[in-house]
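Participant: Please find one structure pasted underneath; my questions will follow.
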Amino acid sequence: MKHNTTAQDIHIARETAELFKSNIFKLQIDELLEQVQIKHTHILKVEKFLHKLYDMIQSVPEWQEQTLGNVEQFFKESFVSVPFVDPKPISASTKYKFNFKTPSVTLIGSFALKAGIYQPEGSSIDVLLTMPEELFDRKDFLNFRCLHKRSVYLAYLTHHLSELLKSENMDSFIKLEYSQFNDDVLLPILKLSCKKPDQGSKRNVSEYNFYKTKFSINLVIGFPYKAFDPKKLLPSKNCVRVATSDENVVLPPTPLYNFSILSNSTHEVFLKYLYKTKKQTDSFKEATILGRLWLQQRGFSPKISQSGSLGGFGTFEFSILMAVLLNGGGENANKILLHGFSSYQLFKGVIQYLATMDLCDGGNLQFHSENDSASASKYINEGFKTPTIFDKTTKINILSKMTISSYQVLKKYAQETLLMLTNVVQDQFANIFLTDVGKFDNIKYDLCYNISISKTSNSSTLSHLLGSFGAMERVKFVTIENYLAHKITTVAKFALGDRIRLIEVELVGQNHRFPINKRKPHPAGQGNLNFEFIKLKLITNGSESEKIVTKGPIFSEDPSQEAVAFKNFWGAKASLRRFKDGSITHCCIWSTSANQPVITSILDFILKSHFSDGIHISDNFTKLFHELLPLPNLPASSNTSVLNLSSFYNLKKSFDLLYKIIFKMKLPLSVRSIQPVGSAFRYTSLCQPVPFAYSDPDFFQEVVLEFETSQKWPDEIFSLEKSKTAFLLKIQEQLEAENGDRYRSFFTRDESIPYNTEIMTLQILTPEGYGFKFRVLTERDEILYLRAISNARAEVKSSLENTFLKFNAKYQASPRHTRTIENLSHTFEFYSPVVRLFKKWLDSHLLLGHLSEELVELIAMKPFVEHAPFLVPGSVENGFLKLLRFLSQWNWREDPLILDLTKSDEELSNSLDTSIGAGPGFDSKTIKKLSERLTLSQYKGIQSNFHNLRKSDPNGLTIQFFIASKNDPSGILYSSDVPLPIATRITALAKVALNLIQIHGLNKQTIDLLFTPAVKDYDYVIQLQTPTPLKSSSGILEITEFKNLASSKLPSSFPSDLSKMSELMDPTYHLVKYLNMKYKNSVIFSSHKYICLNGGPDGNKNVITALVKPMFKKDMKFRVNIDGNVAPIDAEMVKLNRDSIFHEIASFGNDMIVSFETYLN
Amino acid sequence: MSESAKFHYVKTMKSGFLVVPFKLPKHRALKKDAGLNNNSFHYVYIKKHVNKDNEEEKNCLFAINLPILSNTEFIKKVFNDICSKNDTIAYIEKLLQYDEFGLEEIDLSSLTSDLMSNKSSEDEQAKMNENRYTPRNTCLIKFVDESSLENCYSSIKKYCDLIQKKKEKANFIEWEYVSPSITTFINFYKPIDIDYLKEDISLHMKIFEERENTAR
């Protein structure tokens, strides 16, 4: 009976696999947790100081009620300033009094919960000093009053602490500094840290010096719980009254202000809430640590995200969410997590909740922090259009510090992580916890723009910006920095719509720390702006990012509200257009460009029109990367997007016409299949196909032709090849007879399969200007190659195995490879330009000639199909940099590259996006998708292939790159003959490249350097020049070139004498090929494969680099089979005869050789 | 130290090979700045070849490291030059197993032909392959007869003796490379003549059929 796999079966299988995985995960987690533990001695050390600090705080003398005037007088004589927040109070209008009474002191934060981890850069301990209730009036929450009281309180404390430290001789090593808690300008705190003890001179040496522990201590001044009515501080209320002449003006809500005050009175409530949950849940602490690591690696922090960062969600928020979910959280208040869960289950549960539940638009999560068992937390299907986890006890929205954008980023990463956690095939532990996703912005984000305020129109731009920040904006956003970050985000988000998935705005260079004799941080930028420039970071949506129309609402005689808003937003750019379906719609039309994304033009336009002309948006490196891609000499190519594949489609169309002709031919054996296998069919050829550009090394696109099965193929390989040629001759004859007026054709010898010297290919030139190269595959080939291996003597078996792999790659696996890559290119829009740029990079460094196209294409697929923990690349530079990053870290000795060559898992993730508690909802589509993916047993099979390979070759001396997929479980189809030095060089170059751009950033110099070959690393360098320039005839256009000039050099037809075509082909290719064959045993020669691109301005230069194999770098014993050009040293020893080799090369390359250079030796 | 003083000559290797130096010609691209000597030499290692089983390989010199693109004509000329210094003559027939680019290192045809693998035992098969095998970068210089071989060999020896004696002042034979032109390299791309191709195929197929028939 045929067994049908049901959803249930798959579910059970997955659960079993997951359980297994969860056990492995547990081991990995235990090991990780051990590594991040804080040293116990460090805790003791800092606790010693904390006790001392407590005593000192207790001994600060209490004060009497003071007027602001008195306060000002007091601090005039002190070296301490009062860190008043803006606007600073004025004596004349300040009636309320200031005071200091001893606070109650509590440890809060993760140190209090003992859930901290070791951080290489150090971590801080939060100490809460709660001001006594008697210092406040009921209405002090209004108009900054309580904040000013707190600032004076903090300054008074700082003054006395500093005195006390002096009297205790601790001032020499304890450093006092103001800071802003979580970057909130409304919340100044005092930061204590230690200077390094100097053991030699006994300076700063003290039992209280906790420098070594890398801790710092934050003294946070808190308001007493319930000092102010929480209802009045709800996010919708206004608590900063602005005087207006118009009484009808409704004052805007002040959510940031309200949250800052309210949250500053509830630290202890949440500490208790977390402590209680921790007590009930064994693995709570461990899960918190996992959450912390996960967040940190993705750049999340507890800082407020309104001033531009991925803030608002740190360990505190993660822990609260986990606690809330342990007390309910489902739509029916059902418990999402159980107290008995393991840390893995708890972590996964929180991630799943974040990934699948909408806490912003569609719903919110409510809980009670002072809970009794009756008040379970509950998901409510009603969104507030802002991320919300609402505590009904304290009236606090835990996610107040999050913006919608930062929430979206969090949700996206949670979704990605959920996929990793449910991946039962590959081990994703490192991707989840160990990779620093945010280390390098250009790898984390697809596009990064720097926005700066032009210095030339400085004053007007600034005043324009400052002018738009009025009193209403001030109360709502608190600072101009928050306001700008918000406005840029909003404008960019609306303007870009579905072209982007995620956005982050970062204000670079903000100062949040300041000396205790200053009132506030020194502004980092011009015009008192506390930042140097703004960084706009985007994750793009590949399928939408380059569309030329921004569609608005449908046109109607009576303009709708949306239509008015659309026109107002876009101004002159808005227009009306009739679309194919007959609808007339408001829209904006953009033009694509070869050297910049449409997004760049939109941002440039919209930021200038919504802010000021003086806003400068720079995007230099995107342009530079785009310009590295060869520009084809095609109509309007400079206005063609990098995602546009029409040049490839034209070639395919031409092939389809030819295909039909050949299929119809009457031949002794009828044609069974004609499979396109050339790289242009899968959009990966370095140069785009250009008609008649036959100098391009990829001009002739390969095709594999198969006839119907026959018993008559000769049983000997050369005769077989001859019969194949006989068939090709028949095709050629018919083509000539029936279509000779349009199609031309000729034969050449093919050398792609070692030792098979009898292969002929038929080149057909189409009337559209393309060329196709036909080779014939029969069912007999494989048998004969395998027979050769079994008949051969032992020493040559491996050479023949390599021959077989070459045959397999070229004839058998190539159609599958082409189909797979072609398919994936449609899903991963940026794959094509990225792989082409990668090929260019490899060829700049003279490496491409040693690697098969397929190998390069599979490596380039890694950041797309195995993108975790990052997202799928959404720009040329992002894909390219991710590739470099991967290559720099790939330890191919120990790690196979196993690629799941299936489409994006987004659809999969969508189908997993079932609501909590709804059970396993696998539909047939999901099952199909799952079944296309690599299964665990296939994966294990591939892994064991790799282990077997490494057993015989542990250091990867013969095969370095193991790259497997369903198409090739052996993993070595394309990498069996990569020379070891070439493989190691790729790794080394990628390391250097990544290091370079991490240190010096992306700019013209560094990008140029990335593509400059370091020829001095080689032993010898030989400069070549060919008599004929090949650039124009390869169909390449220089961006700066006059198109008509280049076009005149590009052939517009094939020559009537086809043998003349070879005059425009690269002679250096064969020169180097034969040198490598001649010196196979002793020297590796490399050169540019695409001299049209890397051969100077005209494409007539090349370079040969020589790497002497290690064995020939030393003196050797003379042997008959030494196989090297050697000179004798004595009767036994010889050494490589470099001079003679030079002479041989000089005579061999004769006319083309320009000069020799030697570096190492 | 003068550059010519660097010339250091070893006449015979311990394994019995004669070391035959050839002075290398000047080339415009080879300048001193690449660290080259004015006097560069190429060394060919030569020994009498002994293979009693194989008639074909009688009267041969075994040569290691012939300069690039050496062909029979040119080898004849160079060895005649050496002989003429000694007023003698030696007739070279051809170069055997000279495959400097390793194109025919493995004979796929014989390895895939079932005629051979079916008819001969594995031992024979292996032996047959073994017989034609010489290491890369070596070849056999076949002389028409034994006296030619002897004449040539003794002339080479004398040439080497002289060099050992006179060092850099010896009258070296200068090697003349056979230089391919650009055309040689672009010819790889050139169309094969159709008529030639047709003829070649029909001829080959005829031979193949005959062979098959004989086998049956």
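Following the order of the structure tokens, first chain is A, next is B, and so on, with residues numbered from 1 inside each chain and ligands from 1 in the order they appear.
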Applying 8 Å and only C-alpha atoms, which residues near segment 1057-1060 of chain A remain after dropping the ones on its own chain fewer than 2 positions away? List them as a PyMOL selection string.
Facilitator: (chain A and resi 746+1054-1055+1062-1064) or (chain B and resi 190-191)
Participant: Give the residues of chain B that lie within 7 Å of chain A; count only C-alpha atoms, and format the answer as an MDAnalysis selection string.
Facilitator: chainID B and resid 10 12:14 27 29:30 34 36 40:43 65 68 100:104 106 108:109 111:114 126 135:137 177 179:182 185:187 189:192 201 205 208
Participant: Output C-alpha atoms for every residue in that selection, as a PDB file, in the first residue's frame.
Facilitator:
ATOM      1  CA  VAL B  10      78.452  19.982 -12.665  1.00  0.00           C
ATOM      2  CA  THR B  12      77.525  14.380 -14.312  1.00  0.00           C
ATOM      3  CA  MET B  13      74.901  13.602 -11.789  1.00  0.00           C
ATOM      4  CA  LYS B  14      75.434  10.774  -9.372  1.00  0.00           C
ATOM      5  CA  HIS B  27      65.088  38.492 -25.170  1.00  0.00           C
ATOM      6  CA  ALA B  29      61.656  41.512 -22.181  1.00  0.00           C
ATOM      7  CA  LEU B  30      64.393  39.967 -20.076  1.00  0.00           C
ATOM      8  CA  ALA B  34      64.296  41.380 -13.092  1.00  0.00           C
ATOM      9  CA  LEU B  36      68.565  38.048 -14.343  1.00  0.00           C
ATOM     10  CA  SER B  40      71.582  32.095 -18.444  1.00  0.00           C
ATOM     11  CA  PHE B  41      71.699  28.402 -19.160  1.00  0.00           C
ATOM     12  CA  HIS B  42      69.283  25.633 -19.646  1.00  0.00           C
ATOM     13  CA  TYR B  43      70.308  22.160 -18.553  1.00  0.00           C
ATOM     14  CA  ASN B  65      64.140  18.644 -19.297  1.00  0.00           C
ATOM     15  CA  ILE B  68      60.028  24.362 -24.188  1.00  0.00           C
ATOM     16  CA  GLU B 100      55.610  18.174 -22.689  1.00  0.00           C
ATOM     17  CA  PHE B 101      52.095  19.500 -21.983  1.00  0.00           C
ATOM     18  CA  GLY B 102      50.843  16.147 -20.795  1.00  0.00           C
ATOM     19  CA  LEU B 103      48.082  16.097 -23.358  1.00  0.00           C
ATOM     20  CA  GLU B 104      48.421  12.394 -23.989  1.00  0.00           C
ATOM     21  CA  ILE B 106      46.655   9.084 -20.371  1.00  0.00           C
ATOM     22  CA  LEU B 108      41.631   7.388 -22.923  1.00  0.00           C
ATOM     23  CA  SER B 109      41.060   5.543 -26.136  1.00  0.00           C
ATOM     24  CA  LEU B 111      41.397   2.598 -21.590  1.00  0.00           C
ATOM     25  CA  THR B 112      37.838   2.781 -22.836  1.00  0.00           C
ATOM     26  CA  SER B 113      37.993   0.359 -25.666  1.00  0.00           C
ATOM     27  CA  ASP B 114      36.263  -2.855 -24.716  1.00  0.00           C
ATOM     28  CA  ALA B 126      48.641  -2.891 -17.155  1.00  0.00           C
ATOM     29  CA  PRO B 135      57.744  10.501 -16.537  1.00  0.00           C
ATOM     30  CA  ARG B 136      56.685  14.022 -17.434  1.00  0.00           C
ATOM     31  CA  ASN B 137      59.366  16.348 -18.754  1.00  0.00           C
ATOM     32  CA  TYR B 177      63.677  28.577 -29.015  1.00  0.00           C
ATOM     33  CA  SER B 179      58.631  30.824 -30.596  1.00  0.00           C
ATOM     34  CA  PRO B 180      54.973  30.641 -31.305  1.00  0.00           C
ATOM     35  CA  SER B 181      53.348  33.787 -32.621  1.00  0.00           C
ATOM     36  CA  ILE B 182      50.126  35.388 -31.445  1.00  0.00           C
ATOM     37  CA  PHE B 185      47.350  31.242 -29.551  1.00  0.00           C
ATOM     38  CA  ILE B 186      44.341  32.632 -31.326  1.00  0.00           C
ATOM     39  CA  ASN B 187      44.256  29.665 -33.663  1.00  0.00           C
ATOM     40  CA  TYR B 189      39.569  29.777 -31.457  1.00  0.00           C
ATOM     41  CA  LYS B 190      39.652  29.307 -35.207  1.00  0.00           C
ATOM     42  CA  PRO B 191      37.032  27.236 -36.980  1.00  0.00           C
ATOM     43  CA  ILE B 192      38.162  23.806 -38.066  1.00  0.00           C
ATOM     44  CA  ILE B 201      35.675  11.457 -39.232  1.00  0.00           C
ATOM     45  CA  MET B 205      34.964   5.560 -38.463  1.00  0.00           C
ATOM     46  CA  PHE B 208      37.002   1.745 -36.102  1.00  0.00           C
TER      47      PHE B 208
END
Participant: List the neighbours of His522 of chain A out to 12 Å using only C-alpha atoms; skip same-chain residues closer than 3 positions along the sequence, and give me the result as a list in words.
Facilitator: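 Using only C-alpha atoms, the neighbours found are Tyr178, Ser179, Gly509, Gln510, Asn511, His512, Arg513, Phe514, Pro515, Asn517, Lys518, Arg519, Gly525, Gln526, Gly527, Asn528, Leu529, Asn530, Phe531 and Glu532 of chain A.
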Participant: Per DSSP on the backbone, filter segment 482-647 of chain A down to the residues in strand (DSSP E) and report them as a ChimeraX atom specification.
Facilitator: /A:500-508,513-514,533-540,549-554,575-578,584-589,615-618,631-632
Participant: Based on the backbone DSSP call, show me all residues of segment 4-214 of chain B assigned helix (DSSP H, G or I), as a ChimeraX atom specification.
Facilitator: /B:4-6,32-34,55-57,72-85,108-112,114-119,122-131,146-169,182-189,194-214
Participant: Which value, in Å to one decimal, gives the distance between atom CA of Ala565 of chain A and atom CA of Ser400 of chain A?
Facilitator: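 That distance, rounded to one decimal, is 28.2 Å.
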Participant: Show me, as a list in words, the residues that have an atom within 6 Å of segment 471-488 of chain A when counting only C-alpha atoms, minus same-chain residues fewer than 6 positions from it.
Facilitator: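 The residues that qualify are Thr254, Gln306, Ser307 and Gly308 of chain A.
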Participant: Go ahead and write the residues just picked, N, CA, C and O atoms, as a short mmCIF file (atom, residue, chain, number, x, y, z; two decimals), in the first residue's frame.
Facilitator:
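Saved file result-v1.cif follows:
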data_model
loop_
_atom_site.label_atom_id
_atom_site.label_comp_id
_atom_site.auth_asym_id
_atom_site.auth_seq_id
_atom_site.Cartn_x
_atom_site.Cartn_y
_atom_site.Cartn_z
N THR A 254 2.18 63.60 26.15
CA THR A 254 3.63 63.62 26.38
C THR A 254 4.08 62.23 26.83
O THR A 254 4.52 62.06 27.97
N GLN A 306 13.74 56.12 20.78
CA GLN A 306 13.25 57.33 20.15
C GLN A 306 14.38 58.25 19.71
O GLN A 306 14.24 59.01 18.77
N SER A 307 15.52 58.17 20.39
CA SER A 307 16.63 59.01 19.96
C SER A 307 17.49 58.27 18.95
O SER A 307 18.64 58.62 18.72
N GLY A 308 16.91 57.26 18.35
CA GLY A 308 17.57 56.60 17.25
C GLY A 308 18.51 55.51 17.67
O GLY A 308 19.69 55.73 17.84
#
Participant: Just the number, please: distance in Å from atom CA of Ile451 of chain A to atom CA of Val508 of chain A, one decimal.
Facilitator: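 So the two atoms, atom CA of Ile451 of chain A and atom CA of Val508 of chain A, lie 10.2 Å apart.
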Participant: So which residues touch segment 84-94 of chain B within 10 Å, counting only C-alpha atoms, skipping near sequence neighbours fewer than 3 positions away, as number ranges by chain?
Facilitator: B: 59-60, 71-73, 75-81, 97-98, 140-156, 158-159, 171
